[in-house]
file start.cif (mmCIF, C-alpha atoms)
data_model
#
loop_
_atom_site.group_PDB
_atom_site.id
_atom_site.type_symbol
_atom_site.label_atom_id
_atom_site.label_comp_id
_atom_site.auth_asym_id
_atom_site.auth_seq_id
_atom_site.Cartn_x
_atom_site.Cartn_y
_atom_site.Cartn_z
ATOM 1 C CA MET R 1 -2.167 2.746 -18.818
ATOM 2 C CA PHE R 2 -2.315 2.144 -15.144
ATOM 3 C CA GLU R 3 1.428 2.396 -14.612
ATOM 4 C CA ARG R 4 1.092 6.118 -15.217
ATOM 5 C CA LEU R 5 -0.285 6.486 -11.743
ATOM 6 C CA LEU R 6 2.670 4.605 -10.340
ATOM 7 C CA GLY R 7 5.217 7.020 -11.698
ATOM 8 C CA LEU R 8 4.744 9.125 -8.578
ATOM 9 C CA ASP R 9 7.921 7.734 -7.035
ATOM 10 C CA THR R 10 10.077 9.727 -9.395
ATOM 11 C CA ASP R 11 9.312 12.937 -7.581
ATOM 12 C CA LEU R 12 11.045 13.636 -4.289
ATOM 13 C CA TRP R 13 7.962 15.255 -2.752
ATOM 14 C CA ASP R 14 5.822 12.270 -3.541
ATOM 15 C CA ARG R 15 8.488 10.053 -2.098
ATOM 16 C CA PHE R 16 8.221 12.095 1.039
ATOM 17 C CA ALA R 17 4.429 11.745 1.037
ATOM 18 C CA GLN R 18 4.788 8.006 0.676
ATOM 19 C CA MET R 19 7.253 7.915 3.550
ATOM 20 C CA GLN R 20 4.719 9.807 5.625
ATOM 21 C CA ARG R 21 2.067 7.259 4.806
ATOM 22 C CA GLU R 22 4.400 4.411 5.673
ATOM 23 C CA LEU R 23 5.229 6.067 8.975
ATOM 24 C CA ASP R 24 1.521 6.532 9.587
ATOM 25 C CA GLU R 25 1.145 2.839 9.043
ATOM 26 C CA ILE R 26 3.992 1.943 11.381
ATOM 27 C CA PHE R 27 3.005 4.211 14.222
ATOM 28 C CA GLY R 28 -0.708 4.107 13.617
ATOM 29 C CA ARG R 29 -1.108 7.792 14.261
ATOM 30 C CA ALA R 30 -0.929 11.089 12.475
ATOM 31 C CA LEU R 31 2.321 12.924 12.046
ATOM 32 C CA PRO R 32 2.681 16.527 13.262
ATOM 33 C CA SER R 33 1.534 17.749 9.865
ATOM 34 C CA ALA R 34 -0.803 16.077 7.402
ATOM 35 C CA ALA R 35 -3.298 17.062 4.736
ATOM 36 C CA ILE R 36 -6.507 18.249 6.418
ATOM 37 C CA ARG R 37 -8.567 15.674 4.550
ATOM 38 C CA GLY R 38 -5.824 13.029 4.548
ATOM 39 C CA VAL R 39 -6.761 9.566 5.761
ATOM 40 C CA PRO R 40 -4.635 6.747 7.181
ATOM 41 C CA ALA R 41 -3.420 4.056 4.790
ATOM 42 C CA GLY R 42 -5.863 1.263 4.175
ATOM 43 C CA THR R 43 -8.960 3.466 4.446
ATOM 44 C CA PHE R 44 -11.849 2.236 2.309
ATOM 45 C CA PRO R 45 -12.200 3.082 -0.496
ATOM 46 C CA ALA R 46 -8.693 3.581 -1.922
ATOM 47 C CA VAL R 47 -8.412 6.524 -4.305
ATOM 48 C CA ASN R 48 -6.082 7.506 -7.145
ATOM 49 C CA VAL R 49 -6.166 10.941 -8.744
ATOM 50 C CA GLY R 50 -4.617 12.073 -12.003
ATOM 51 C CA GLU R 51 -4.923 15.010 -14.354
ATOM 52 C CA THR R 52 -4.665 15.748 -18.038
ATOM 53 C CA THR R 53 -4.639 19.183 -19.644
ATOM 54 C CA ASP R 54 -8.444 19.028 -19.987
ATOM 55 C CA ASP R 55 -9.642 17.325 -16.822
ATOM 56 C CA VAL R 56 -8.997 15.821 -13.410
ATOM 57 C CA ARG R 57 -9.779 12.124 -12.999
ATOM 58 C CA VAL R 58 -10.542 10.403 -9.738
ATOM 59 C CA TYR R 59 -10.526 6.615 -9.490
ATOM 60 C CA VAL R 60 -12.285 5.187 -6.462
ATOM 61 C CA PHE R 61 -11.605 1.514 -5.744
ATOM 62 C CA ALA R 62 -14.959 0.547 -4.272
ATOM 63 C CA PRO R 63 -15.887 -2.980 -5.374
ATOM 64 C CA GLY R 64 -19.233 -4.655 -4.903
ATOM 65 C CA LEU R 65 -21.395 -1.563 -4.711
ATOM 66 C CA ASP R 66 -24.896 -0.901 -5.813
ATOM 67 C CA THR R 67 -24.758 2.262 -7.905
ATOM 68 C CA ASP R 68 -27.992 3.529 -6.347
ATOM 69 C CA LYS R 69 -26.311 3.378 -2.933
ATOM 70 C CA LEU R 70 -23.426 5.459 -4.189
ATOM 71 C CA GLU R 71 -23.542 9.227 -3.880
ATOM 72 C CA VAL R 72 -21.022 11.477 -5.554
ATOM 73 C CA THR R 73 -21.162 15.232 -4.971
ATOM 74 C CA LEU R 74 -18.920 18.051 -6.070
ATOM 75 C CA GLU R 75 -19.065 21.481 -4.493
ATOM 76 C CA GLY R 76 -16.510 23.818 -5.973
ATOM 77 C CA ASN R 77 -13.389 21.688 -5.861
ATOM 78 C CA VAL R 78 -14.440 19.457 -2.955
ATOM 79 C CA LEU R 79 -15.496 16.010 -4.068
ATOM 80 C CA SER R 80 -17.289 13.653 -1.702
ATOM 81 C CA ILE R 81 -18.069 10.033 -2.279
ATOM 82 C CA GLU R 82 -20.506 8.294 -0.011
ATOM 83 C CA GLY R 83 -21.933 4.840 -0.011
ATOM 84 C CA GLU R 84 -22.695 1.661 1.789
ATOM 85 C CA ARG R 85 -21.655 -1.941 1.458
ATOM 86 C CA GLN R 86 -23.407 -4.708 3.297
ATOM 87 C CA GLU R 87 -22.631 -8.370 3.143
ATOM 88 C CA SER R 88 -25.045 -10.789 4.711
ATOM 89 C CA VAL R 89 -23.472 -13.799 6.380
ATOM 90 C CA PRO R 90 -25.666 -16.912 6.491
ATOM 91 C CA ASP R 91 -26.618 -17.951 10.026
ATOM 92 C CA ASN R 92 -25.009 -21.354 9.795
ATOM 93 C CA ALA R 93 -21.647 -20.028 8.569
ATOM 94 C CA THR R 94 -18.353 -19.939 10.436
ATOM 95 C CA VAL R 95 -16.320 -16.838 9.622
ATOM 96 C CA TYR R 96 -12.545 -17.407 9.393
ATOM 97 C CA ARG R 97 -11.566 -14.109 7.851
ATOM 98 C CA ASN R 98 -13.471 -10.892 7.683
ATOM 99 C CA GLU R 99 -11.107 -8.376 6.125
ATOM 100 C CA ARG R 100 -13.459 -6.766 3.651
ATOM 101 C CA PHE R 101 -14.953 -3.399 4.528
ATOM 102 C CA GLN R 102 -18.555 -3.335 5.633
ATOM 103 C CA GLY R 103 -20.941 -0.532 6.387
ATOM 104 C CA ARG R 104 -21.133 3.120 5.423
ATOM 105 C CA PHE R 105 -18.202 5.081 4.085
ATOM 106 C CA ARG R 106 -17.510 8.652 3.083
ATOM 107 C CA ARG R 107 -14.404 10.019 1.507
ATOM 108 C CA VAL R 108 -13.781 13.674 0.767
ATOM 109 C CA LEU R 109 -11.056 14.957 -1.555
ATOM 110 C CA SER R 110 -9.993 18.451 -2.493
ATOM 111 C CA LEU R 111 -9.300 18.590 -6.194
ATOM 112 C CA PRO R 112 -7.217 21.294 -7.875
ATOM 113 C CA GLU R 113 -9.002 24.655 -7.827
ATOM 114 C CA THR R 114 -9.093 24.735 -11.607
ATOM 115 C CA VAL R 115 -11.949 22.210 -11.854
ATOM 116 C CA ASP R 116 -15.329 23.183 -13.240
ATOM 117 C CA ASP R 117 -18.027 21.733 -10.971
ATOM 118 C CA GLU R 118 -20.630 22.088 -13.720
ATOM 119 C CA ARG R 119 -18.945 19.544 -15.963
ATOM 120 C CA VAL R 120 -18.603 16.219 -14.170
ATOM 121 C CA ASN R 121 -19.398 12.678 -15.078
ATOM 122 C CA ALA R 122 -19.107 9.459 -13.130
ATOM 123 C CA THR R 123 -19.031 5.850 -14.278
ATOM 124 C CA TYR R 124 -18.745 2.575 -12.366
ATOM 125 C CA LYS R 125 -17.007 -0.425 -13.908
ATOM 126 C CA ASP R 126 -15.459 -3.581 -12.411
ATOM 127 C CA GLY R 127 -15.780 -2.053 -8.974
ATOM 128 C CA VAL R 128 -13.962 1.170 -9.827
ATOM 129 C CA LEU R 129 -15.791 4.477 -9.824
ATOM 130 C CA GLN R 130 -14.286 6.965 -12.248
ATOM 131 C CA VAL R 131 -15.145 10.628 -11.797
ATOM 132 C CA VAL R 132 -14.024 12.947 -14.584
ATOM 133 C CA VAL R 133 -14.158 16.661 -13.808
ATOM 134 C CA ALA R 134 -13.383 19.088 -16.615
ATOM 135 C CA LYS R 135 -11.007 21.950 -15.974
ATOM 136 C CA LYS R 136 -12.241 25.505 -16.393
ATOM 137 C CA ALA R 137 -11.544 26.869 -19.824
ATOM 138 C CA GLU R 138 -9.317 29.616 -18.421
ATOM 139 C CA ALA R 139 -7.175 27.021 -16.668
ATOM 140 C CA GLN R 140 -6.360 25.198 -19.858
ATOM 141 C CA PRO R 141 -3.151 25.979 -21.655
ATOM 142 C CA ARG R 142 -3.567 28.305 -24.624
ATOM 143 C CA ARG R 143 -1.416 28.281 -27.642
ATOM 144 C CA ILE R 144 -0.058 31.715 -28.366
ATOM 145 C CA GLU R 145 0.330 32.508 -31.997
ATOM 146 C CA VAL R 146 3.579 34.140 -32.943
ATOM 147 C CA LYS R 147 2.972 36.614 -35.699
ATOM 148 C CA ALA R 148 5.613 37.200 -38.303
ATOM 149 C CA HIS R 149 6.227 40.744 -39.433
ATOM 150 C CA MET K 1 22.141 7.246 7.981
ATOM 151 C CA ALA K 2 21.073 4.200 6.049
ATOM 152 C CA GLU K 3 17.812 5.741 4.870
ATOM 153 C CA SER K 4 19.333 8.766 3.221
ATOM 154 C CA LYS K 5 21.882 6.614 1.445
ATOM 155 C CA GLU K 6 19.201 4.392 0.058
ATOM 156 C CA LEU K 7 17.246 7.407 -1.106
ATOM 157 C CA THR K 8 20.233 8.722 -3.023
ATOM 158 C CA GLN K 9 20.874 5.390 -4.618
ATOM 159 C CA LYS K 10 17.299 5.090 -5.731
ATOM 160 C CA GLN K 11 17.458 8.477 -7.397
ATOM 161 C CA GLU K 12 20.338 7.314 -9.535
ATOM 162 C CA THR K 13 18.283 4.551 -11.140
ATOM 163 C CA THR K 14 16.682 5.277 -14.472
ATOM 164 C CA PRO K 15 12.967 6.088 -14.726
ATOM 165 C CA GLU K 16 12.477 2.844 -16.684
ATOM 166 C CA ALA K 17 14.017 0.784 -13.903
ATOM 167 C CA GLN K 18 11.850 2.587 -11.372
ATOM 168 C CA ALA K 19 8.700 1.941 -13.359
ATOM 169 C CA GLY K 20 9.668 -1.727 -13.559
ATOM 170 C CA ALA K 21 10.160 -1.918 -9.814
ATOM 171 C CA ALA K 22 6.830 -0.179 -9.215
ATOM 172 C CA ARG K 23 5.030 -2.660 -11.431
ATOM 173 C CA GLU K 24 6.210 -5.500 -9.205
ATOM 174 C CA VAL K 25 4.172 -4.193 -6.270
ATOM 175 C CA VAL K 26 1.693 -6.950 -5.540
ATOM 176 C CA LEU K 27 -1.704 -5.963 -4.239
ATOM 177 C CA VAL K 28 -3.138 -8.303 -1.650
ATOM 178 C CA PRO K 29 -6.906 -8.426 -1.979
ATOM 179 C CA ALA K 30 -8.951 -8.196 1.207
ATOM 180 C CA VAL K 31 -10.921 -11.412 1.684
ATOM 181 C CA ASP K 32 -13.726 -12.944 3.692
ATOM 182 C CA VAL K 33 -13.628 -16.707 4.217
ATOM 183 C CA LEU K 34 -16.762 -18.477 5.395
ATOM 184 C CA GLU K 35 -17.646 -22.087 5.977
ATOM 185 C CA ASP K 36 -21.049 -23.710 6.035
ATOM 186 C CA PRO K 37 -21.900 -27.421 6.294
ATOM 187 C CA ASP K 38 -21.544 -27.967 2.527
ATOM 188 C CA GLY K 39 -18.408 -26.027 1.732
ATOM 189 C CA LEU K 40 -16.308 -22.901 1.918
ATOM 190 C CA THR K 41 -16.793 -19.498 0.324
ATOM 191 C CA VAL K 42 -13.963 -17.081 -0.383
ATOM 192 C CA ILE K 43 -14.929 -13.516 -1.239
ATOM 193 C CA ALA K 44 -12.134 -11.255 -2.508
ATOM 194 C CA ASP K 45 -12.125 -7.533 -3.304
ATOM 195 C CA MET K 46 -10.313 -7.005 -6.593
ATOM 196 C CA PRO K 47 -11.472 -3.659 -7.946
ATOM 197 C CA GLY K 48 -10.475 -2.978 -11.548
ATOM 198 C CA VAL K 49 -10.164 -6.658 -12.464
ATOM 199 C CA SER K 50 -12.556 -7.890 -15.130
ATOM 200 C CA ALA K 51 -13.530 -11.562 -15.440
ATOM 201 C CA GLU K 52 -11.171 -11.874 -18.443
ATOM 202 C CA ARG K 53 -8.184 -10.651 -16.451
ATOM 203 C CA LEU K 54 -8.781 -12.936 -13.524
ATOM 204 C CA ASP K 55 -6.605 -16.012 -13.127
ATOM 205 C CA LEU K 56 -8.094 -18.444 -10.620
ATOM 206 C CA ARG K 57 -6.538 -21.887 -10.324
ATOM 207 C CA VAL K 58 -5.745 -24.802 -8.070
ATOM 208 C CA GLU K 59 -2.037 -25.539 -7.983
ATOM 209 C CA GLN K 60 -1.209 -28.692 -6.034
ATOM 210 C CA ASP K 61 -3.121 -28.051 -2.841
ATOM 211 C CA GLN K 62 -3.283 -24.281 -3.218
ATOM 212 C CA LEU K 63 -6.106 -22.097 -4.387
ATOM 213 C CA VAL K 64 -4.362 -19.269 -6.220
ATOM 214 C CA ILE K 65 -6.173 -16.030 -6.941
ATOM 215 C CA GLU K 66 -4.464 -13.653 -9.358
ATOM 216 C CA GLY K 67 -5.667 -10.783 -11.452
ATOM 217 C CA ASP K 68 -4.531 -7.727 -13.336
ATOM 218 C CA LEU K 69 -5.982 -4.345 -12.743
ATOM 219 C CA SER K 70 -6.879 -2.625 -15.955
ATOM 220 C CA ILE K 71 -8.533 0.749 -16.141
ATOM 221 C CA GLU K 72 -8.967 2.861 -19.212
ATOM 222 C CA MET K 73 -7.183 6.135 -18.768
ATOM 223 C CA PRO K 74 -5.690 8.750 -21.047
ATOM 224 C CA ALA K 75 -2.045 8.109 -21.894
ATOM 225 C CA GLU K 76 -1.018 11.681 -21.084
ATOM 226 C CA MET K 77 -2.425 11.613 -17.562
ATOM 227 C CA GLN K 78 -0.168 12.881 -14.787
ATOM 228 C CA PRO K 79 -0.585 11.382 -11.326
ATOM 229 C CA LEU K 80 -1.582 13.674 -8.458
ATOM 230 C CA TYR K 81 -2.259 11.168 -5.702
ATOM 231 C CA ALA K 82 -2.308 7.385 -5.415
ATOM 232 C CA ASP K 83 -3.380 4.957 -2.705
ATOM 233 C CA VAL K 84 -3.159 2.066 -5.137
ATOM 234 C CA ARG K 85 0.387 1.628 -6.425
ATOM 235 C CA GLY K 86 0.288 -1.768 -8.028
ATOM 236 C CA SER K 87 -1.580 -3.392 -10.841
ATOM 237 C CA HIS K 88 -1.335 -7.074 -9.985
ATOM 238 C CA TYR K 89 -3.334 -8.846 -7.307
ATOM 239 C CA ARG K 90 -2.280 -12.144 -5.784
ATOM 240 C CA ARG K 91 -3.356 -14.254 -2.868
ATOM 241 C CA ALA K 92 -3.226 -17.989 -2.190
ATOM 242 C CA PHE K 93 -4.814 -20.354 0.289
ATOM 243 C CA SER K 94 -3.863 -23.932 1.048
ATOM 244 C CA LEU K 95 -6.778 -26.285 0.670
ATOM 245 C CA SER K 96 -7.467 -29.382 2.697
ATOM 246 C CA GLN K 97 -8.227 -32.972 1.729
ATOM 247 C CA GLU K 98 -11.962 -32.953 2.289
ATOM 248 C CA LEU K 99 -12.555 -30.215 -0.296
ATOM 249 C CA ASP K 100 -13.699 -31.107 -3.773
ATOM 250 C CA THR K 101 -11.304 -29.074 -5.947
ATOM 251 C CA ASP K 102 -12.909 -30.321 -9.154
ATOM 252 C CA ALA K 103 -16.190 -28.716 -8.247
ATOM 253 C CA ILE K 104 -14.928 -25.183 -7.506
ATOM 254 C CA ALA K 105 -17.158 -22.499 -8.961
ATOM 255 C CA ALA K 106 -16.419 -18.780 -9.212
ATOM 256 C CA GLU K 107 -18.183 -15.575 -10.103
ATOM 257 C CA MET K 108 -16.737 -12.101 -10.699
ATOM 258 C CA LYS K 109 -19.013 -9.103 -10.359
ATOM 259 C CA ASN K 110 -18.262 -5.416 -9.827
ATOM 260 C CA GLY K 111 -14.704 -6.198 -8.812
ATOM 261 C CA VAL K 112 -15.714 -8.792 -6.217
ATOM 262 C CA LEU K 113 -14.697 -12.417 -6.706
ATOM 263 C CA ARG K 114 -16.724 -15.171 -5.072
ATOM 264 C CA VAL K 115 -15.284 -18.659 -5.007
ATOM 265 C CA ARG K 116 -17.324 -21.612 -3.822
ATOM 266 C CA ILE K 117 -15.400 -24.704 -2.754
ATOM 267 C CA PRO K 118 -17.736 -27.604 -1.955
ATOM 268 C CA LYS K 119 -16.806 -30.415 0.410
ATOM 269 C CA LYS K 120 -16.598 -33.948 -0.902
ATOM 270 C CA GLU K 121 -19.833 -35.802 -0.418
ATOM 271 C CA ALA K 122 -18.339 -38.120 2.213
ATOM 272 C CA HIS K 123 -17.392 -35.149 4.369
ATOM 273 C CA ARG K 124 -20.739 -33.415 4.502
ATOM 274 C CA PRO K 125 -22.413 -33.689 7.852
ATOM 275 C CA LYS K 126 -24.789 -36.546 8.285
ATOM 276 C CA ARG K 127 -27.370 -36.402 10.912
ATOM 277 C CA ILE K 128 -27.173 -39.353 13.191
ATOM 278 C CA GLU K 129 -30.512 -40.570 14.342
ATOM 279 C CA VAL K 130 -30.671 -41.360 17.991
ATOM 280 C CA GLN K 131 -32.784 -44.415 18.529
ATOM 281 C CA VAL K 132 -34.957 -44.511 21.554
ATOM 282 C CA ALA K 133 -34.500 -47.852 23.241
#

call {"tool": "encode", "arguments": {"input": "start.cif", "output": "structure tokens"}}
result
Amino acid sequence: MFERLLGLDTDLWDRFAQMQRELDEIFGRALPSAAIRGVPAGTFPAVNVGETTDDVRVYVFAPGLDTDKLEVTLEGNVLSIEGERQESVPDNATVYRNERFQGRFRRVLSLPETVDDERVNATYKDGVLQVVVAKKAEAQPRRIEVKAH
Amino acid sequence: MAESKELTQKQETTPEAQAGAAREVVLVPAVDVLEDPDGLTVIADMPGVSAERLDLRVEQDQLVIEGDLSIEMPAEMQPLYADVRGSHYRRAFSLSQELDTDAIAAEMKNGVLRVRIPKKEAHRPKRIEVQVA
């Protein structure tokens, strides 16, 4: 279930990545070294990525979208997600809080090189876009038969 | 250094304990709050929460918004990257006297919750006619 994506903390490198993100948050600026397509914490939409032996799965937390305003493209292993979210505020309304993202967004992710850009599918449910990209056949683990003599 | 000590201590905890601690991370949904002459509207982003997993209630004078994120995913999936590290959303707002808590209506669509809180009839604006003497 979802907790699987939270298990990241067990790995020291991921802990380091999280620390980097927290520092980014505190200082509001990039550290001397960051992923080329990395974004500061809180960027819309939030993204989680996981993999199985057969595919790589990207979960994009983009609620309230029209699927025809959502564009997902994959070129090689570079996935981009583009879209727009507009909320119309009635003229006679007083706005007390306006925290929700508005306008156009674009997020680009580099997936593992083993993905096959010919075999992708995307679904949108409860405001989460799920993109499943199959791994190339040669990247999948093969069982090696041990022959008995 | 305090940080390094804490890091070492954390490593000594079991994976189960760590998973438990991670599950307690509470996600705070981003909200818009608007008021018009007849009432207030709260709009909250709760991606991954279906209508069935939403818990919206009025507790004393608080509007409490809670929900559980649930996404179908293969059990054997290994995480590569995660912005979202919690699975429970919670946010609360204190309401005021003039709001009609019995008439609250809500709608959940594509991970966006809209809550409409009307004002009690007596508190809606009345136009006062100015008589010309």

call {"tool": "residues_around", "arguments": {"input": "start.cif", "residues": "Gly83 in chain R", "least_positions_apart": "4", "cutoff": "7 Å", "atoms": "all atoms listed in the file", "output": "list in words"}}
result
Lys69, Leu70, Glu71, Arg104, Phe105 and Arg106 of chain R

call {"tool": "resolve_selection", "arguments": {"input": "start.cif", "expression": "the PyMOL selection byres ((chain R) within 6 of (chain K))", "output": "ChimeraX atom specification"}}
result
/R:5-6,46-52,61,63-64,92-100,126-128

call {"tool": "write_last_selection", "arguments": {"input": "start.cif", "atoms": "C-alpha atoms", "output": "PDB file, keeping the file's coordinate frame"}}
result
ATOM      1  CA  LEU R   5      -0.285   6.486 -11.743  1.00  0.00           C
ATOM      2  CA  LEU R   6       2.670   4.605 -10.340  1.00  0.00           C
ATOM      3  CA  ALA R  46      -8.693   3.581  -1.922  1.00  0.00           C
ATOM      4  CA  VAL R  47      -8.412   6.524  -4.305  1.00  0.00           C
ATOM      5  CA  ASN R  48      -6.082   7.506  -7.145  1.00  0.00           C
ATOM      6  CA  VAL R  49      -6.166  10.941  -8.744  1.00  0.00           C
ATOM      7  CA  GLY R  50      -4.617  12.073 -12.003  1.00  0.00           C
ATOM      8  CA  GLU R  51      -4.923  15.010 -14.354  1.00  0.00           C
ATOM      9  CA  THR R  52      -4.665  15.748 -18.038  1.00  0.00           C
ATOM     10  CA  PHE R  61     -11.605   1.514  -5.744  1.00  0.00           C
ATOM     11  CA  PRO R  63     -15.887  -2.980  -5.374  1.00  0.00           C
ATOM     12  CA  GLY R  64     -19.233  -4.655  -4.903  1.00  0.00           C
ATOM     13  CA  ASN R  92     -25.009 -21.354   9.795  1.00  0.00           C
ATOM     14  CA  ALA R  93     -21.647 -20.028   8.569  1.00  0.00           C
ATOM     15  CA  THR R  94     -18.353 -19.939  10.436  1.00  0.00           C
ATOM     16  CA  VAL R  95     -16.320 -16.838   9.622  1.00  0.00           C
ATOM     17  CA  TYR R  96     -12.545 -17.407   9.393  1.00  0.00           C
ATOM     18  CA  ARG R  97     -11.566 -14.109   7.851  1.00  0.00           C
ATOM     19  CA  ASN R  98     -13.471 -10.892   7.683  1.00  0.00           C
ATOM     20  CA  GLU R  99     -11.107  -8.376   6.125  1.00  0.00           C
ATOM     21  CA  ARG R 100     -13.459  -6.766   3.651  1.00  0.00           C
ATOM     22  CA  ASP R 126     -15.459  -3.581 -12.411  1.00  0.00           C
ATOM     23  CA  GLY R 127     -15.780  -2.053  -8.974  1.00  0.00           C
ATOM     24  CA  VAL R 128     -13.962   1.170  -9.827  1.00  0.00           C
TER      25      VAL R 128
END

call {"tool": "atom_distance", "arguments": {"input": "start.cif", "atom1": "CA of Ile81 in chain R", "atom2": "CA of Lys136 in chain R"}}
result
21.7 Å

call {"tool": "resolve_selection", "arguments": {"input": "start.cif", "expression": "the PyMOL selection byres ((chain R and resi 120) around 6)", "output": "JSON, numbers by chain"}}
result
{"R": [119, 121, 132, 133]}

call {"tool": "resolve_selection", "arguments": {"input": "start.cif", "expression": "the PyMOL selection byres ((chain K and resi 62) around 9)", "output": "list in words"}}
result
Arg57, Val58, Glu59, Gln60, Asp61, Leu63, Val64, Ala92, Phe93, Ser94, Leu95 and Ser96 of chain K

call {"tool": "closest_residue", "arguments": {"input": "start.cif", "among": "R:Gln140, R:Asp117, R:Asp68, R:Arg107", "to": "Glu82 in chain R", "atoms": "all atoms listed in the file"}}
result
R:Arg107

call {"tool": "atom_distance", "arguments": {"input": "start.cif", "atom1": "CA of Tyr59 in chain R", "atom2": "CA of Ala139 in chain R"}}
result
21.9 Å

call {"tool": "closest_residue", "arguments": {"input": "start.cif", "among": "K:Val132, K:Ala103, K:Arg114, K:Gln97", "to": "Leu54 in chain K", "atoms": "only C-alpha atoms"}}
result
K:Arg114

call {"tool": "axis_aligned_box", "arguments": {"input": "start.cif", "around": "range 91-99 of chain K", "padding_each_side": "6 Å", "output": "JSON"}}
result
{"center_x": -7.9, "center_y": -23.6, "center_z": -0.1, "size_x": 21.3, "size_y": 30.7, "size_z": 17.6}

call {"tool": "atom_distance", "arguments": {"input": "start.cif", "atom1": "CA of Val108 in chain R", "atom2": "CA of Ala122 in chain R"}}
result
15.5 Å

call {"tool": "decode", "arguments": {"input": "start.cif", "residues": "range 98-112 of chain R", "atoms": "N, CA, C and O atoms", "output": "compact mmCIF listing (two decimals), in the first residue's frame"}}
result
# COMPACT_ATOMS: atom_id res chain seq x y z
N ASN R 98 -5.59 31.76 0.34
CA ASN R 98 -5.46 31.39 -1.07
C ASN R 98 -4.18 30.59 -1.20
O ASN R 98 -3.19 31.05 -1.74
N GLU R 99 -4.18 29.40 -0.64
CA GLU R 99 -2.96 28.58 -0.62
C GLU R 99 -2.86 27.65 -1.81
O GLU R 99 -1.80 27.15 -2.13
N ARG R 100 -3.99 27.35 -2.41
CA ARG R 100 -4.01 26.36 -3.49
C ARG R 100 -3.36 26.91 -4.75
O ARG R 100 -3.53 28.07 -5.10
N PHE R 101 -2.63 26.03 -5.43
CA PHE R 101 -1.93 26.42 -6.65
C PHE R 101 -2.91 26.83 -7.74
O PHE R 101 -3.96 26.21 -7.92
N GLN R 102 -2.54 27.85 -8.47
CA GLN R 102 -3.35 28.28 -9.61
C GLN R 102 -2.46 28.60 -10.79
O GLN R 102 -1.40 29.17 -10.63
N GLY R 103 -2.94 28.26 -11.97
CA GLY R 103 -2.22 28.63 -13.18
C GLY R 103 -1.62 27.43 -13.88
O GLY R 103 -2.04 26.29 -13.67
N ARG R 104 -0.61 27.68 -14.70
CA ARG R 104 0.01 26.61 -15.47
C ARG R 104 1.15 25.97 -14.67
O ARG R 104 1.83 26.65 -13.90
N PHE R 105 1.35 24.70 -14.87
CA PHE R 105 2.49 24.05 -14.23
C PHE R 105 3.13 23.09 -15.22
O PHE R 105 2.53 22.68 -16.21
N ARG R 106 4.39 22.77 -14.94
CA ARG R 106 5.11 21.81 -15.76
C ARG R 106 6.14 21.16 -14.85
O ARG R 106 6.89 21.84 -14.15
N ARG R 107 6.14 19.86 -14.84
CA ARG R 107 7.14 19.17 -14.04
C ARG R 107 7.81 18.11 -14.90
O ARG R 107 7.14 17.39 -15.61
N VAL R 108 9.13 18.08 -14.83
CA VAL R 108 9.90 17.16 -15.66
C VAL R 108 10.71 16.23 -14.76
O VAL R 108 11.34 16.68 -13.81
N LEU R 109 10.66 14.95 -15.03
CA LEU R 109 11.36 13.97 -14.21
C LEU R 109 12.22 13.09 -15.09
O LEU R 109 11.80 12.70 -16.18
N SER R 110 13.42 12.74 -14.64
CA SER R 110 14.15 11.72 -15.39
C SER R 110 13.93 10.38 -14.69
O SER R 110 14.20 10.23 -13.51
N LEU R 111 13.40 9.45 -15.45
CA LEU R 111 13.13 8.12 -14.93
C LEU R 111 14.36 7.25 -15.16
O LEU R 111 15.26 7.64 -15.91
N PRO R 112 14.44 6.09 -14.55
CA PRO R 112 15.57 5.20 -14.82
C PRO R 112 15.69 4.93 -16.33
O PRO R 112 14.69 4.91 -17.04
